Every structure is written in C-alpha cells, then in structure tokens.
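This is target28.cif. It holds mmCIF, C-alpha atoms.
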```
data_final
loop_
_atom_site.label_atom_id
_atom_site.label_comp_id
_atom_site.auth_asym_id
_atom_site.auth_seq_id
_atom_site.Cartn_x
_atom_site.Cartn_y
_atom_site.Cartn_z
CA MET A 1 -33.46 -9.16 -15.94
CA ALA A 2 -32.15 -9.26 -12.40
CA ASN A 3 -32.51 -10.99 -9.07
CA LEU A 4 -31.19 -8.07 -7.00
CA ILE A 5 -33.82 -5.48 -7.87
CA PRO A 6 -32.44 -2.75 -5.54
CA VAL A 7 -29.03 -3.06 -7.20
CA ALA A 8 -30.59 -2.93 -10.67
CA LYS A 9 -32.37 0.26 -9.57
CA SER A 10 -29.28 1.86 -8.08
CA VAL A 11 -27.25 1.37 -11.26
CA GLY A 12 -30.00 3.06 -13.26
CA SER A 13 -31.85 0.24 -15.05
CA ASN A 14 -35.14 1.62 -16.30
CA LYS A 15 -36.98 -1.60 -17.14
CA ILE A 16 -36.50 -4.43 -14.68
CA VAL A 17 -37.88 -7.96 -14.87
CA PRO A 18 -37.22 -10.13 -11.80
CA THR A 19 -35.33 -13.42 -12.14
CA ILE A 20 -35.43 -16.29 -9.66
CA SER A 21 -31.86 -16.40 -8.31
CA ILE A 22 -28.28 -15.32 -8.81
CA PRO A 23 -26.70 -18.59 -10.06
CA TYR A 24 -29.68 -19.60 -12.23
CA PRO A 25 -31.69 -16.49 -13.11
CA LEU A 26 -33.99 -18.26 -15.58
CA GLY A 27 -34.54 -21.88 -14.52
CA ASP A 28 -34.35 -23.71 -11.20
CA PRO A 29 -32.24 -26.88 -11.69
CA ASN A 30 -34.26 -28.58 -8.94
CA THR A 31 -37.35 -28.51 -11.15
CA PRO A 32 -38.05 -30.52 -14.33
CA LYS A 33 -36.67 -29.19 -17.62
CA GLU A 34 -40.20 -28.41 -18.92
CA GLU A 35 -40.92 -26.27 -15.92
CA GLN A 36 -37.62 -24.42 -16.34
CA TRP A 37 -38.46 -23.80 -19.97
CA LYS A 38 -41.92 -22.46 -19.07
CA LEU A 39 -40.49 -20.08 -16.49
CA ARG A 40 -37.80 -18.87 -18.86
CA TYR A 41 -40.25 -18.49 -21.74
CA HIS A 42 -42.61 -16.49 -19.54
CA ARG A 43 -40.05 -14.16 -17.99
CA VAL A 44 -38.12 -13.45 -21.20
CA GLY A 45 -41.51 -12.83 -22.82
CA VAL A 46 -42.27 -10.24 -20.14
CA ALA A 47 -38.88 -8.66 -20.80
CA LEU A 48 -39.56 -8.48 -24.55
CA GLU A 49 -42.93 -6.84 -23.91
CA ALA A 50 -41.16 -4.45 -21.53
CA LEU A 51 -39.03 -3.26 -24.45
CA THR A 52 -42.21 -1.98 -26.10
CA ALA A 53 -43.58 -0.28 -22.96
CA ASP A 54 -43.53 3.50 -22.82
CA VAL A 55 -42.42 4.05 -19.21
CA LYS A 56 -41.74 7.41 -17.59
CA GLU A 57 -39.75 6.16 -14.62
CA GLN A 58 -37.88 3.08 -13.43
CA THR A 59 -40.36 0.21 -13.63
CA VAL A 60 -40.32 -3.31 -12.26
CA PHE A 61 -42.49 -5.54 -14.44
CA SER A 62 -44.51 -8.25 -12.75
CA VAL A 63 -44.18 -11.92 -13.59
CA LYS A 64 -46.69 -14.74 -13.11
CA ILE A 65 -44.38 -17.78 -13.04
CA MET B 1 17.98 12.45 -11.86
CA LYS B 2 14.29 12.11 -12.70
CA LYS B 3 12.61 14.53 -15.07
CA ALA B 4 9.24 16.26 -14.97
CA ILE B 5 7.24 18.44 -17.37
CA LEU B 6 4.49 20.88 -16.39
CA TYR B 7 1.43 22.01 -18.36
CA ILE B 8 -0.09 25.44 -17.60
CA ASN B 9 -2.50 27.83 -19.32
CA GLN B 10 -1.81 31.18 -20.98
CA PHE B 11 -2.56 33.11 -17.82
CA PHE B 12 -0.12 31.31 -15.58
CA GLY B 13 2.26 31.03 -18.52
CA GLN B 14 2.44 34.84 -18.42
CA ILE B 15 1.19 35.20 -21.99
CA GLY B 16 -1.90 37.14 -21.03
CA GLY B 17 -5.45 36.95 -19.74
CA GLU B 18 -8.73 36.23 -21.47
CA GLU B 19 -7.67 38.12 -24.61
CA LYS B 20 -4.86 35.59 -25.09
CA ALA B 21 -6.94 32.50 -24.39
CA ASP B 22 -6.60 31.45 -28.04
CA PHE B 23 -2.84 31.08 -27.61
CA PRO B 24 -1.75 27.88 -29.39
CA PRO B 25 0.35 25.32 -27.51
CA GLU B 26 4.02 26.01 -27.01
CA ILE B 27 6.81 24.20 -25.18
CA ARG B 28 9.59 26.07 -23.45
CA GLU B 29 12.76 24.78 -21.94
CA GLY B 30 13.00 25.44 -18.24
CA LEU B 31 10.64 26.99 -15.77
CA VAL B 32 7.74 29.37 -16.42
CA GLY B 33 5.40 30.70 -13.72
CA PRO B 34 4.18 27.94 -11.37
CA ALA B 35 6.97 25.67 -12.65
CA MET B 36 9.38 27.56 -10.39
CA GLU B 37 7.40 26.73 -7.29
CA LEU B 38 6.98 23.14 -8.49
CA GLN B 39 10.76 22.84 -8.94
CA LYS B 40 11.32 24.24 -5.47
CA GLN B 41 8.91 21.76 -3.91
CA LEU B 42 10.20 18.78 -5.88
CA GLY B 43 13.74 19.32 -4.58
CA ASP B 44 17.04 18.42 -6.20
CA ASP B 45 16.33 14.87 -7.32
CA ILE B 46 13.62 15.75 -9.85
CA LYS B 47 14.22 18.36 -12.50
CA VAL B 48 11.39 20.20 -14.25
CA THR B 49 12.90 20.35 -17.73
CA HIS B 50 10.10 22.00 -19.73
CA THR B 51 6.93 24.02 -19.35
CA ILE B 52 4.08 23.64 -21.83
CA ILE B 53 1.74 26.60 -22.25
CA CYS B 54 -1.60 26.54 -24.03
CA GLY B 55 -4.53 28.95 -24.10
CA ASP B 56 -7.65 27.62 -22.40
CA ASN B 57 -9.87 28.48 -25.35
CA PHE B 58 -7.48 26.93 -27.83
CA MET B 59 -7.59 23.69 -25.85
CA GLY B 60 -11.36 24.01 -25.40
CA SER B 61 -12.26 24.61 -29.05
CA ASN B 62 -9.51 22.61 -30.77
CA THR B 63 -8.97 19.88 -28.22
CA GLU B 64 -7.85 17.24 -30.66
CA GLU B 65 -5.40 19.51 -32.40
CA ALA B 66 -4.02 20.90 -29.14
CA VAL B 67 -3.54 17.43 -27.66
CA GLU B 68 -1.92 16.19 -30.85
CA ARG B 69 0.52 19.09 -30.99
CA ILE B 70 1.48 18.71 -27.34
CA LEU B 71 1.97 14.96 -27.67
CA GLY B 72 4.19 15.85 -30.63
CA PHE B 73 6.28 18.19 -28.45
CA LEU B 74 6.75 15.39 -25.96
CA GLU B 75 7.71 12.64 -28.34
CA ASP B 76 11.46 13.34 -28.21
CA LYS B 77 11.56 14.40 -24.56
CA GLU B 78 12.55 12.20 -21.69
CA PHE B 79 10.33 12.54 -18.64
CA ASP B 80 9.28 10.36 -15.75
CA ILE B 81 6.26 12.29 -14.55
CA PHE B 82 3.84 14.89 -15.91
CA PHE B 83 2.18 17.68 -13.97
CA ALA B 84 -0.67 20.01 -14.97
CA GLY B 85 -2.08 23.06 -13.25
CA PRO B 86 -3.07 23.51 -10.46
CA ALA B 87 -6.37 24.63 -11.97
CA PHE B 88 -8.23 25.71 -8.82
CA ARG B 89 -11.86 26.39 -9.68
CA ALA B 90 -11.23 27.45 -13.29
CA GLY B 91 -13.45 25.16 -15.33
CA ARG B 92 -11.80 25.50 -18.73
CA TYR B 93 -8.34 25.20 -17.21
CA GLY B 94 -9.38 22.11 -15.24
CA SER B 95 -10.83 20.49 -18.31
CA ALA B 96 -7.66 21.36 -20.27
CA CYS B 97 -5.42 19.81 -17.59
CA GLY B 98 -7.63 16.72 -17.68
CA HIS B 99 -7.63 16.36 -21.46
CA ILE B 100 -3.88 16.70 -21.81
CA GLY B 101 -3.17 14.68 -18.66
CA LYS B 102 -5.27 11.75 -19.82
CA ALA B 103 -3.68 11.80 -23.27
CA VAL B 104 -0.13 11.95 -21.87
CA LYS B 105 -0.83 9.10 -19.48
CA GLU B 106 -2.27 6.96 -22.26
CA LYS B 107 0.52 7.64 -24.72
CA PHE B 108 3.60 7.72 -22.49
CA ASN B 109 2.39 5.71 -19.50
CA VAL B 110 3.88 8.07 -16.91
CA PRO B 111 2.08 9.21 -13.76
CA VAL B 112 0.08 12.42 -14.27
CA ILE B 113 -0.71 14.70 -11.35
CA THR B 114 -2.89 17.78 -11.27
CA SER B 115 -4.97 19.67 -8.72
CA MET B 116 -8.45 21.13 -8.89
CA ASN B 117 -11.04 22.47 -6.54
CA GLU B 118 -13.94 20.09 -5.90
CA GLU B 119 -16.27 22.48 -7.75
CA ASN B 120 -14.19 22.26 -10.90
CA PRO B 121 -16.12 20.23 -13.54
CA GLY B 122 -12.78 18.73 -14.61
CA VAL B 123 -12.84 16.63 -11.43
CA GLU B 124 -15.80 14.48 -12.47
CA MET B 125 -14.61 14.32 -16.06
CA PHE B 126 -11.09 13.08 -15.36
CA ARG B 127 -10.80 11.75 -11.80
CA GLU B 128 -10.85 8.18 -13.09
CA HIS B 129 -7.92 8.81 -15.39
CA ILE B 130 -5.34 10.86 -13.51
CA TYR B 131 -4.39 11.92 -9.98
CA ILE B 132 -6.39 15.07 -9.21
CA PHE B 133 -5.48 16.54 -5.84
CA LYS B 134 -8.08 18.44 -3.85
CA GLY B 135 -7.12 22.05 -4.41
CA GLY B 136 -8.10 25.53 -3.34
CA ALA B 137 -10.69 27.77 -4.99
CA SER B 138 -8.26 30.36 -6.36
CA ALA B 139 -4.62 31.04 -7.10
CA ALA B 140 -4.20 32.09 -3.47
CA ALA B 141 -3.82 28.35 -2.82
CA MET B 142 -1.05 28.01 -5.42
CA ARG B 143 1.77 27.07 -3.05
CA LYS B 144 -0.29 24.72 -0.97
CA ASP B 145 -1.71 22.95 -4.03
CA ILE B 146 1.68 22.64 -5.72
CA LYS B 147 3.20 21.28 -2.53
CA LYS B 148 0.62 18.47 -2.44
CA MET B 149 1.25 17.61 -6.09
CA ALA B 150 5.03 17.70 -5.65
CA ASP B 151 5.09 15.68 -2.42
CA PHE B 152 3.00 12.93 -3.95
CA GLY B 153 4.98 12.96 -7.20
CA ARG B 154 8.25 12.62 -5.33
CA ARG B 155 6.96 9.73 -3.23
CA LEU B 156 5.55 8.07 -6.34
CA LEU B 157 8.87 8.26 -8.16
CA ASN B 158 10.78 7.10 -5.08
CA GLY B 159 8.59 4.03 -4.85
CA ALA B 160 7.24 5.00 -1.43
CA GLU B 161 4.25 3.12 -0.05
CA LEU B 162 1.12 4.88 -1.23
CA LEU B 163 -2.05 5.21 0.81
CA SER B 164 -5.69 5.41 -0.25
CA ALA B 165 -6.98 8.34 -2.28
CA ASP B 166 -8.57 9.92 0.79
CA GLU B 167 -5.43 9.62 2.87
CA GLU B 168 -3.23 10.96 0.07
CA GLY B 169 -5.65 13.80 -0.65
CA TYR B 170 -6.66 13.18 -4.26
CA PHE B 171 -10.10 12.43 -5.69
CA GLY B 172 -10.75 8.66 -5.72
CA ARG B 173 -10.27 7.07 -9.11
CA GLY B 174 -12.80 4.31 -8.51
CA ILE B 175 -10.07 1.73 -8.02
CA ARG B 176 -10.31 -0.92 -5.31
CA ARG B 177 -7.13 -2.41 -3.94
CA GLN B 178 -6.63 -4.99 -1.22
CA VAL B 179 -4.36 -3.85 1.60
CA TRP B 180 -3.09 -5.36 4.82
CA LEU B 181 -3.93 -3.15 7.77
CA LYS B 182 -0.87 -2.06 9.77
CA GLU B 183 -2.60 -3.10 12.94
CA PRO B 184 -4.66 -6.06 11.86
CA VAL B 185 -8.29 -5.82 12.94
CA THR B 186 -10.59 -8.41 11.45
CA ALA B 187 -13.64 -7.41 9.46
CA ALA B 188 -15.87 -8.82 12.21
CA ASP B 189 -14.27 -6.52 14.79
CA ARG B 190 -14.43 -3.54 12.49
CA VAL B 191 -18.10 -3.98 11.73
CA ILE B 192 -18.96 -4.34 15.42
CA ASP B 193 -16.93 -1.21 16.18
CA MET B 194 -18.96 0.59 13.53
CA LEU B 195 -22.22 -0.72 14.93
CA LEU B 196 -21.29 0.40 18.46
CA LYS B 197 -20.40 3.86 17.17
CA LYS B 198 -23.71 4.00 15.36
CA ILE B 199 -25.61 2.99 18.50
CA HIS B 200 -23.77 5.65 20.51
CA GLY B 201 -24.50 8.26 17.89
CA GLU B 202 -20.80 8.69 17.08
CA PRO B 203 -19.52 9.32 13.55
CA PHE B 204 -18.20 6.32 11.64
CA GLN B 205 -16.96 5.69 8.15
CA THR B 206 -18.34 2.84 6.05
CA GLU B 207 -15.80 0.75 4.16
CA LEU B 208 -18.24 0.21 1.33
CA PRO B 209 -19.76 3.49 0.23
CA ILE B 210 -22.80 2.91 -1.98
CA PRO B 211 -22.49 5.01 -5.14
CA GLU B 212 -25.22 7.53 -5.72
CA LEU B 213 -28.12 6.63 -7.95
CA ASP B 214 -27.03 6.85 -11.57
CA LYS B 215 -29.96 8.00 -13.68
CA VAL B 216 -29.95 6.75 -17.24
CA PRO B 217 -32.25 8.28 -19.89
CA ILE B 218 -35.09 5.92 -20.78
CA ALA B 219 -34.84 4.46 -24.29
CA GLU B 220 -37.65 4.92 -26.79
CA PRO B 221 -40.00 1.92 -26.73
CA ILE B 222 -39.77 -0.52 -29.63
CA LYS B 223 -42.83 0.07 -31.84
CA ASP B 224 -42.99 -3.25 -33.64
CA LEU B 225 -41.38 -6.14 -31.84
CA SER B 226 -42.08 -8.49 -34.75
CA LYS B 227 -39.60 -6.56 -36.87
CA ALA B 228 -37.04 -5.91 -34.14
CA LYS B 229 -33.57 -7.41 -33.85
CA ILE B 230 -32.94 -8.37 -30.22
CA ALA B 231 -29.56 -9.11 -28.65
CA MET B 232 -28.64 -10.85 -25.42
CA VAL B 233 -26.03 -9.36 -23.08
CA THR B 234 -24.99 -10.77 -19.73
CA SER B 235 -22.80 -10.02 -16.74
CA GLY B 236 -23.05 -13.71 -15.82
CA GLY B 237 -19.78 -14.79 -17.43
CA ILE B 238 -21.14 -17.22 -20.03
CA VAL B 239 -18.37 -17.92 -22.58
CA PRO B 240 -17.22 -20.73 -24.89
CA VAL B 241 -15.56 -23.33 -22.64
CA ASP B 242 -12.03 -22.28 -23.61
CA ASN B 243 -12.79 -18.63 -22.68
CA PRO B 244 -11.09 -17.32 -25.85
CA ASP B 245 -11.04 -13.67 -24.71
CA ARG B 246 -9.55 -14.54 -21.33
CA ILE B 247 -12.29 -12.65 -19.52
CA GLN B 248 -11.37 -12.45 -15.83
CA SER B 249 -13.49 -14.40 -13.34
CA ALA B 250 -13.66 -11.38 -11.06
CA SER B 251 -12.90 -7.66 -11.41
CA ALA B 252 -13.33 -8.03 -15.15
CA THR B 253 -11.95 -5.48 -17.57
CA ARG B 254 -12.73 -7.46 -20.72
CA TRP B 255 -15.88 -8.56 -22.53
CA GLY B 256 -16.50 -10.89 -25.44
CA LYS B 257 -19.06 -11.49 -28.17
CA TYR B 258 -19.88 -14.97 -29.35
CA ASP B 259 -21.54 -16.17 -32.53
CA VAL B 260 -24.79 -18.06 -31.97
CA SER B 261 -26.19 -17.57 -35.47
CA ASN B 262 -26.24 -21.35 -36.11
CA LEU B 263 -27.30 -22.42 -32.64
CA GLU B 264 -30.74 -23.24 -31.28
CA ARG B 265 -29.59 -23.22 -27.67
CA LEU B 266 -26.39 -23.00 -25.63
CA GLU B 267 -25.21 -26.54 -24.94
CA ALA B 268 -23.43 -27.63 -21.77
CA GLY B 269 -19.82 -28.50 -22.52
CA VAL B 270 -19.73 -25.93 -25.32
CA PHE B 271 -20.49 -22.91 -23.16
CA LYS B 272 -19.93 -22.43 -19.44
CA THR B 273 -19.72 -19.62 -16.89
CA ILE B 274 -16.38 -18.32 -15.64
CA HIS B 275 -18.05 -16.03 -13.07
CA ALA B 276 -16.36 -16.52 -9.68
CA GLY B 277 -19.17 -14.95 -7.67
CA PHE B 278 -21.66 -17.82 -7.55
CA ASP B 279 -21.91 -21.62 -7.77
CA PRO B 280 -21.52 -22.32 -11.49
CA ALA B 281 -23.08 -25.82 -11.41
CA ALA B 282 -26.54 -24.86 -12.69
CA ALA B 283 -25.28 -22.55 -15.45
CA ASN B 284 -22.63 -25.03 -16.61
CA ASP B 285 -25.29 -27.69 -16.78
CA ASP B 286 -27.58 -25.45 -18.83
CA PRO B 287 -26.12 -22.08 -19.93
CA ASN B 288 -29.59 -21.03 -21.18
CA VAL B 289 -30.56 -20.23 -17.58
CA ILE B 290 -28.30 -17.18 -17.94
CA VAL B 291 -28.29 -16.52 -21.70
CA PRO B 292 -31.80 -17.63 -22.75
CA LEU B 293 -31.04 -18.43 -26.38
CA ASP B 294 -33.47 -21.39 -26.46
CA VAL B 295 -36.58 -19.33 -25.69
CA MET B 296 -35.36 -16.45 -27.84
CA ARG B 297 -35.29 -18.86 -30.80
CA ALA B 298 -38.86 -19.88 -29.95
CA PHE B 299 -39.98 -16.23 -29.94
CA GLU B 300 -38.17 -15.76 -33.25
CA LYS B 301 -39.99 -18.74 -34.83
CA GLU B 302 -43.35 -17.54 -33.52
CA GLY B 303 -42.68 -14.15 -35.10
CA LYS B 304 -42.96 -12.36 -31.76
CA ILE B 305 -39.56 -10.85 -32.48
CA GLY B 306 -37.97 -10.21 -35.87
CA LYS B 307 -34.56 -11.72 -35.28
CA VAL B 308 -32.18 -12.84 -32.56
CA HIS B 309 -28.90 -10.96 -33.03
CA ASP B 310 -26.14 -13.25 -34.29
CA TYR B 311 -23.94 -12.64 -31.25
CA PHE B 312 -24.42 -12.53 -27.54
CA TYR B 313 -22.18 -10.39 -25.32
CA SER B 314 -20.66 -11.41 -22.03
CA THR B 315 -18.53 -10.18 -19.16
CA VAL B 316 -18.26 -10.89 -15.44
CA GLY B 317 -19.99 -8.64 -12.94
CA THR B 318 -18.32 -9.46 -9.64
CA GLY B 319 -15.78 -7.09 -8.10
CA THR B 320 -16.02 -5.15 -11.33
CA THR B 321 -15.77 -1.43 -10.67
CA GLN B 322 -18.56 0.82 -11.88
CA GLY B 323 -16.01 2.67 -13.97
CA GLU B 324 -14.95 -0.47 -15.85
CA ALA B 325 -18.54 -1.65 -16.12
CA ALA B 326 -19.62 1.67 -17.62
CA ARG B 327 -16.76 1.59 -20.12
CA MET B 328 -17.52 -1.96 -21.21
CA GLY B 329 -21.22 -1.11 -21.43
CA LYS B 330 -20.47 1.81 -23.72
CA GLU B 331 -18.23 -0.32 -25.92
CA ILE B 332 -20.87 -3.03 -26.21
CA VAL B 333 -23.54 -0.46 -27.07
CA GLU B 334 -21.36 0.83 -29.92
CA ASP B 335 -21.13 -2.67 -31.33
CA LEU B 336 -24.88 -3.27 -30.93
CA LYS B 337 -25.71 -0.01 -32.66
CA ALA B 338 -23.36 -0.77 -35.54
CA ALA B 339 -25.15 -4.11 -35.98
CA GLY B 340 -28.58 -2.45 -36.09
CA VAL B 341 -29.84 -4.06 -32.87
CA ASP B 342 -33.16 -2.59 -31.68
CA GLY B 343 -33.38 -3.97 -28.18
CA VAL B 344 -31.41 -5.91 -25.56
CA ILE B 345 -32.26 -8.52 -22.98
CA LEU B 346 -29.64 -8.04 -20.26
CA THR B 347 -29.36 -10.85 -17.75
CA SER B 348 -27.44 -10.23 -14.55
CA THR B 349 -26.45 -12.79 -11.95
#
```
Here is a file; write its structure as structure tokens.
Amino acid sequence: MANLIPVAKSVGSNKIVPTISIPYPLGDPNTPKEEQWKLRYHRVGVALEALTADVKEQTVFSVKI
Amino acid sequence: MKKAILYINQFFGQIGGEEKADFPPEIREGLVGPAMELQKQLGDDIKVTHTIICGDNFMGSNTEEAVERILGFLEDKEFDIFFAGPAFRAGRYGSACGHIGKAVKEKFNVPVITSMNEENPGVEMFREHIYIFKGGASAAAMRKDIKKMADFGRRLLNGAELLSADEEGYFGRGIRRQVWLKEPVTAADRVIDMLLKKIHGEPFQTELPIPELDKVPIAEPIKDLSKAKIAMVTSGGIVPVDNPDRIQSASATRWGKYDVSNLERLEAGVFKTIHAGFDPAAANDDPNVIVPLDVMRAFEKEGKIGKVHDYFYSTVGTGTTQGEAARMGKEIVEDLKAAGVDGVILTST
C-alpha cells in the first residue's frame, strides 16, 4: 500500500494499492474518525483481496474511497 | 610496518591449470605469483607476509569448507589489509575472491580489496561487501589492476582522504556519504548548471541515479483468505514509544517486530512513528493510519481473514539504501515464513 506508485513500481512491488498521502496513508486527520475508518477499511480490504488475485504483471488495484 | 595477505587461485599460485582446480586451500609464507607485483606496488611500508592459494573448483564446490579453512589459517596471523585476485573476467575466480573477501572482512574487520572486470559475475554478487576495482579482461592487465589495488590500499592504510567509488575506480557499494565540495557550489547552482547543459545538448551527470527496475517474482495468490494468517509490515517507522530496538529515524539499518496479539488497535501514546521523513503528527495521533491494526481486527472478526499475525514489523524508509532495505526485507521474510504467515499488508509512507 503506497502513495508514491511510481516508486512502488520501480522497487518491484507486484500488487499495489494506492494510499492517500505519505504522513497518513490510511486516514486523513482533517476528516471525522468514522470517515477515516471507512477509508482504511475499504483500502485494506482491497489490499486483502489483492493477495488472492492471480496477476501476471505489476498491477495497481483501484479503490473507491 | 603494516601487513597484508593476498588470496589467489591455483593458476596464479603456480600449482596448475584446470586439472588442479580442486586444489585445497593452502597458506604460504612470503610471496607467490602476483604477490610479488603487489609487494612491489605497495612499497616498503606495507609487507605482504603470506599468500593463500586455493583451487577455483574447490572454492566453488566446497565454499563453506574452503572459507572455514582459510579463516582458520588467518586466525593467528597479524594483518591490516587483505587482497584477493585480481580476477579479471574469470567468473569462478571472481566469485572465489568475493566469497573469501566477504568472510575475511566480516570476521577480522580489515579492508578487503580485489579487482574484477565488469563482466565478471562476482562484481554484482560482492560489490556491496568489498572494494572491487574495475579491472581488465585478462591477465594482460595484471600490473595495471594490481597497481590500482595497491595504490588504494596504501592510501586507505595511511588514512588519506578517500573519494567516491567512481573517482577511486571501484564498483559502487551502494553507500551514500555526505561530503563538502572543495569548491562549494550550492545544489541550486548545480541543478541549473545541469539544466543548461541539458538544454544545450551537452553531457551531464545526475547526482541521484535512479536504480534500474528490480523485478521480483510474483507470489502465488492466496486461495482461501478466510484461513490465511496475515501480517502487517511497514517502512513508516511505527514503534512502541520508547523505540526499544533503537531503529534509526533515517538511513535505517535496523528493524523491529512488536507484539499486538492482545491489542485491538494501536493507541496513541503507546505507539508512535520515529520516521524523520514526514510530519509525524497524524501518525502519532493515530498510529493505525500507518499500521491498520484496527481494521485488520474487524476483518478477522468477520472471518474475511483467518488471523492477524501476532506481530507487526517496522523500519524506517527514508535515506535507507536499497542494499540495506533488501537485507532487512529478506530478514523479515525469514521470520514471517517461520511463523507460517500467508500474506502481508505492507504500508509505505
């Protein structure tokens, strides 16, 4: 899970899920706690699903929140 | 008087050619083969006291035994520096020089200098560990290659000011070091100079070469997530507030693992980030934004995943060299495998 997708690619990550920033990858402190939770729950969920995906090349998984 | 020891193979040790490549390691007092030229180039202040000879195949097929025997030879010897080769383009010889050089450096903590041609596979295998000078393709370059090794060794032992790998002529070890420029030119001026050169179509040298793409084999997908044990790993520097493993805030060489088996989430004041590369306020206020234990517990309760691994793993990914990062990654993977972890959520900052 990374904010700098090009860096994640260049170091060889095969399954990449975008995060929202460098200092707070999974929850913007300027938003309410519930909203941070939702975002984190969604994106980590995408990452868990990504672990089950049979990919043939480096893949960036899309997120909805 | 400083002392040096040289490692060479059976061919240069005048034992014989390919038919003698099984020759077991031997140490001789004094100078054999290339050791004479090395002594000549080192001058009077450094004495080559011994020459070690080992067959390339012996080292190749019985590496552990060969290294152990040679380290044994060295245990009662006094030496300030260790040389190996030069190995030119000879692959087995290069790899042998690397294996023994790395082991000697680790055990005796003396500088180790060798030389190989850029095509020698030993370069990529050992450049991080020892000084490998850029050498010729064949023994025709013997004198030139030995001179480079000797000159550098002498300067090293005399405490001379050392320049960058490129300027000295050895393969970069992946180490970054801050230096003051002799004629100070600020970064702003240097980057504009570079830009102007680029615009004028002139050659220029970047100060930050981007490493080539490092392809990693793709792991097998997890078949049944609901039975899988998932671990969290981060380069975001989340640690217990007292940072028990003293992980560095930048250019980290250490990592830690922390027990979360009894925790539902990472609380502020109990965990924090020691990463020096970003504003820590948000992560200190809620460490779960970097190590998402709280939602992992939710997925565990729902049965989406089998289990959250009892530990999370942490280091700092700013200024950290790729070499150190790769080493720490390998060490962490060993630990994860031993614990039967099936998958990892890696959060970077």
Worksheet entry | Long-range neighbours of stretch 25-29 of chain A as a VMD selection string, 12 Å cut-off, all atoms listed in the file, 2 positions minimum in chain | (chain A and resid 1 to 4 17 to 23 31 to 45 47 65) or (chain B and resid 234 to 236 278 280 to 295 346 to 349)
Name the residues captured by the PyMOL selection byres ((chain B and resi 141) around 12) when it is applied to the shown file; answer as an mmCIF file with C-alpha atoms, keeping the file's coordinate frame.
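Saved as expr.cif:
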```
data_model
loop_
_atom_site.group_PDB
_atom_site.id
_atom_site.type_symbol
_atom_site.label_atom_id
_atom_site.label_comp_id
_atom_site.auth_asym_id
_atom_site.auth_seq_id
_atom_site.Cartn_x
_atom_site.Cartn_y
_atom_site.Cartn_z
ATOM 1 C CA PRO B 34 4.180 27.940 -11.370
ATOM 2 C CA GLY B 85 -2.080 23.060 -13.250
ATOM 3 C CA PRO B 86 -3.070 23.510 -10.460
ATOM 4 C CA ALA B 87 -6.370 24.630 -11.970
ATOM 5 C CA PHE B 88 -8.230 25.710 -8.820
ATOM 6 C CA ARG B 89 -11.860 26.390 -9.680
ATOM 7 C CA SER B 115 -4.970 19.670 -8.720
ATOM 8 C CA MET B 116 -8.450 21.130 -8.890
ATOM 9 C CA ASN B 117 -11.040 22.470 -6.540
ATOM 10 C CA LYS B 134 -8.080 18.440 -3.850
ATOM 11 C CA GLY B 135 -7.120 22.050 -4.410
ATOM 12 C CA GLY B 136 -8.100 25.530 -3.340
ATOM 13 C CA ALA B 137 -10.690 27.770 -4.990
ATOM 14 C CA SER B 138 -8.260 30.360 -6.360
ATOM 15 C CA ALA B 139 -4.620 31.040 -7.100
ATOM 16 C CA ALA B 140 -4.200 32.090 -3.470
ATOM 17 C CA MET B 142 -1.050 28.010 -5.420
ATOM 18 C CA ARG B 143 1.770 27.070 -3.050
ATOM 19 C CA LYS B 144 -0.290 24.720 -0.970
ATOM 20 C CA ASP B 145 -1.710 22.950 -4.030
ATOM 21 C CA ILE B 146 1.680 22.640 -5.720
ATOM 22 C CA LYS B 147 3.200 21.280 -2.530
ATOM 23 C CA LYS B 148 0.620 18.470 -2.440
#
```
Stretch 8-28 of chain A near stretch 53-59 of chain A within 9 Å: what's each residue's closest atom pair and its distance in Å to one decimal, counting all atoms listed in the file, ordered by chain then ascending residue number, as JSON lines?
```
{"residue": "A:Lys9", "atom": "CA", "partner": "A:Gln58", "partner_atom": "CA", "distance": 7.3}
{"residue": "A:Gly12", "atom": "CA", "partner": "A:Gln58", "partner_atom": "CA", "distance": 7.9}
{"residue": "A:Ser13", "atom": "CA", "partner": "A:Gln58", "partner_atom": "CA", "distance": 6.9}
{"residue": "A:Asn14", "atom": "CA", "partner": "A:Gln58", "partner_atom": "CA", "distance": 4.2}
{"residue": "A:Lys15", "atom": "CA", "partner": "A:Thr59", "partner_atom": "CA", "distance": 5.2}
{"residue": "A:Ile16", "atom": "CA", "partner": "A:Thr59", "partner_atom": "CA", "distance": 6.1}
{"residue": "A:Val17", "atom": "CA", "partner": "A:Thr59", "partner_atom": "CA", "distance": 8.6}
```
Expected selection from the PyMOL selection byres ((chain B and resi 97) around 9), given as a PDB file with C-alpha atoms, keeping the file's coordinate frame:
```pdb
ATOM      1  CA  TYR B   7       1.430  22.010 -18.360  1.00  0.00           C
ATOM      2  CA  ILE B   8      -0.090  25.440 -17.600  1.00  0.00           C
ATOM      3  CA  ASN B   9      -2.500  27.830 -19.320  1.00  0.00           C
ATOM      4  CA  PHE B  83       2.180  17.680 -13.970  1.00  0.00           C
ATOM      5  CA  ALA B  84      -0.670  20.010 -14.970  1.00  0.00           C
ATOM      6  CA  GLY B  85      -2.080  23.060 -13.250  1.00  0.00           C
ATOM      7  CA  PRO B  86      -3.070  23.510 -10.460  1.00  0.00           C
ATOM      8  CA  ALA B  87      -6.370  24.630 -11.970  1.00  0.00           C
ATOM      9  CA  ARG B  92     -11.800  25.500 -18.730  1.00  0.00           C
ATOM     10  CA  TYR B  93      -8.340  25.200 -17.210  1.00  0.00           C
ATOM     11  CA  GLY B  94      -9.380  22.110 -15.240  1.00  0.00           C
ATOM     12  CA  SER B  95     -10.830  20.490 -18.310  1.00  0.00           C
ATOM     13  CA  ALA B  96      -7.660  21.360 -20.270  1.00  0.00           C
ATOM     14  CA  GLY B  98      -7.630  16.720 -17.680  1.00  0.00           C
ATOM     15  CA  HIS B  99      -7.630  16.360 -21.460  1.00  0.00           C
ATOM     16  CA  ILE B 100      -3.880  16.700 -21.810  1.00  0.00           C
ATOM     17  CA  GLY B 101      -3.170  14.680 -18.660  1.00  0.00           C
ATOM     18  CA  LYS B 102      -5.270  11.750 -19.820  1.00  0.00           C
ATOM     19  CA  THR B 114      -2.890  17.780 -11.270  1.00  0.00           C
ATOM     20  CA  SER B 115      -4.970  19.670  -8.720  1.00  0.00           C
ATOM     21  CA  GLY B 122     -12.780  18.730 -14.610  1.00  0.00           C
TER      22      GLY B 122
END
```
Worksheet item: What is the atom CA of B:Arg177 to atom CA of B:Ile113 distance in Å?
Response: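 Separation between atom CA of B:Arg177 and atom CA of B:Ile113: 19.7 Å.
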Practice prompt. May I ask which of the residues A:Leu51, A:Ala8, A:Val60, A:Val46 is the closest one to chain B, counting only C-alpha atoms?
Written response: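 Among A:Leu51, A:Ala8, A:Val60, A:Val46, it is A:Leu51 that comes nearest to chain B.
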Discussion item. Suppose a student applies the PyMOL selection byres ((chain B and resi 242-259) around 8) to this structure; what residues should they get, written as a PyMOL selection string?
Written reply: chain B and resi 237+239-241+260-262+274-277+310-321+324-325+328
Worksheet item: So which residues fall inside 10 Å of (-16.5, 5.6, -13.2) if we count all atoms listed in the file? Mind giving them as a PyMOL selection string?
Response: chain B and resi 124-129+172-175+321-327
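If you look at atom CA of B:Ile46 and atom CA of B:Val123, they are 26.5 Å away from each other.
Atom CA of B:Glu300 is positioned 23.0 Å from atom CA of A:Tyr24.
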